[in-house]
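Q: There's a structure below that I have some questions on.
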Amino acid sequence: MNCSSSAVTNNSTSYSATIGGRYGGVSGGCVPHLRHECLSFSSSFQSKSHSIFHSKTRTSKSQRKTIISCSSSSSNSDKVKLLREILDSPGVHQGPACFDALSANLVQSAGFPLCFTSGFSISASRLGLPDTGFLSYGEMIDQGSLITQSVNIPVIGDADNGYGNAMNVKRTVKGYISAGFAGIILEDQVSPKACGHTQGRKVVSREEAVMRIKAAVDARNESGSDIVIVARTDARQALSLDEALYRSRAFADAGADVVFIDALASKQEMEAFCQVSPLVPKMANMLEGGGKTPILTPLELEDIGYKIVAYPLSLIGVSIRAMQDALTAIKGGRIPPPGSMPPFEEIKDILGFNAYYEEEKRYATTTDQLLSKRESSSLYSIQQREQVDTEQTSQTIKDPIVEVITPDLYNKYGADSSRDPFSGIWSRTLRIKITGRDGIEKLDLRIPAGFLDGITNIVPALGGVNLKKLLDDATEEIGGKLLDFNDRMGDRIQVFLE
């Protein structure tokens, strides 16, 4: 069972924009869904408009009601209706691509009105393999069901090329409807398909590509659903821009709700695309980190004529880098620095532990309540006994006994012997300084130079360094630098003799 939490807030401002029919949304004005604070999943699309430069990224806990559930509280038809209202509303709407239930929950908690699934990211996270056709229809349905059940926002599912011919496309569309998707993206690549911005892509014939979309529309009608069909063509890189534009127009004529040309190579090409079938919403794909399509701001995309925009790699990309950094830290004998990960209490809150405990109280039995009281009473008794013991101990021991070890005492163990390589070292100090690769000072520590045992517990990177030999060679120097190097994490480690 995939239990998760969903947040519903009560401070949203409602509006419903249906202008000129299903595809009559008029571009213009601000971007109403950038970092909007909350969503109410009713018959009308609700959001709170924010300035791009003054938008809040997190909902106040005091305004937030968290509900624990093992599935989404919104029905699939509600999510489809919400997605269609988003497409009919003014502005451009951002949707980061998720790859599992947790990432989908984070997208929802951040205030986005919708999200996509990314075949690239699911192939990476589920199989550890490239997006080159390894993922099957069954695996995508399984992963998609976990994602859609965990959130209340509409999810548009990546269905690759429909996993076969037109008949397979019909089965795929019906399966995605059953899995809870509000939208489905179907492309015109051959099998095995390839990631949109990689080499070696090939597309089926124009006629077969159009037939796939017609089959998808038929499957939607036969199922009684109103799932949003996003028709994608990869013909821009496989054939030409003109062919991609032609296919987009043909897809719209065949009944696609949204059209999408992947890997357009310039802003001019994006403008040309948005002139095709102007009443049909257009989807943009902002592939982060070096794709073929230029990265534009939401306002720029809105001015061109786009309606929805996907960010396919942000979540999987930052996850990969964060895990690499954490593993490097652990291998170097440290844990990830506090700023690189949330505290455990925050992790529990994100995953819904605290909300679970609160809701659990509603179903507590008499036995549970008695046990809880006994535990509280037992804890109180222990604390009282500890307090009494502490008071008695403080009355018994009047003054602490402190043993001062002087240089004379060290002489008994040869500290001043000429045969000892550490002659005179006890009067010197080692300064250990660690500066992060970001320039921030992480450690500046001074210890007696004779205390070498255990120093690697403080700085594991010094484990392979013969500090005794360095000290022996530097006993007559003052203020000398013994070491200056970078560890595996990229941190600069310096050791001085003062």
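Residues in the structure tokens are named by chain (A, B, ... in the order shown) and by number from 1 within that chain; ligands are numbered from 1 in the order shown.
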Write out as a PyMOL selection string each polymer residue whose atoms come within 9 Å of Leu186 in chain A, counting only C-alpha atoms; drop sequence neighbours fewer than 5 positions from it.

A: chain A and resi 158-162+169+212-213+216+229-233

Q: Which residue, A:Ile458, A:Ala263, A:Val309, A:Ala215, has the smallest gap to Leu87 in chain A when you use only C-alpha atoms?

A: A:Val309

Q: Can you list, as a list in words, every protein, DNA or RNA residue that comes within 9 Å of Gly480 in chain A when you count only C-alpha atoms, leaving out same-chain residues fewer than 3 positions away?

A: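 Listing them by chain and then by number gives Ala474, Glu477, Val495, Phe496, Leu497 and Glu498 of chain A.
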
Q: What are the closest atom pairs, with distances in Å to one decimal, for all residues of range 103-185 of chain A lying within 12 Å of range 284-287 of chain A? Consider only C-alpha atoms, order rows by chain and residue number, and present the result as CSV.

A:
```
residue,atom,partner,partner_atom,distance
A:Phe116,CA,A:Asn285,CA,10.8
A:Ser118,CA,A:Asn285,CA,11.2
A:Phe120,CA,A:Leu287,CA,11.2
```
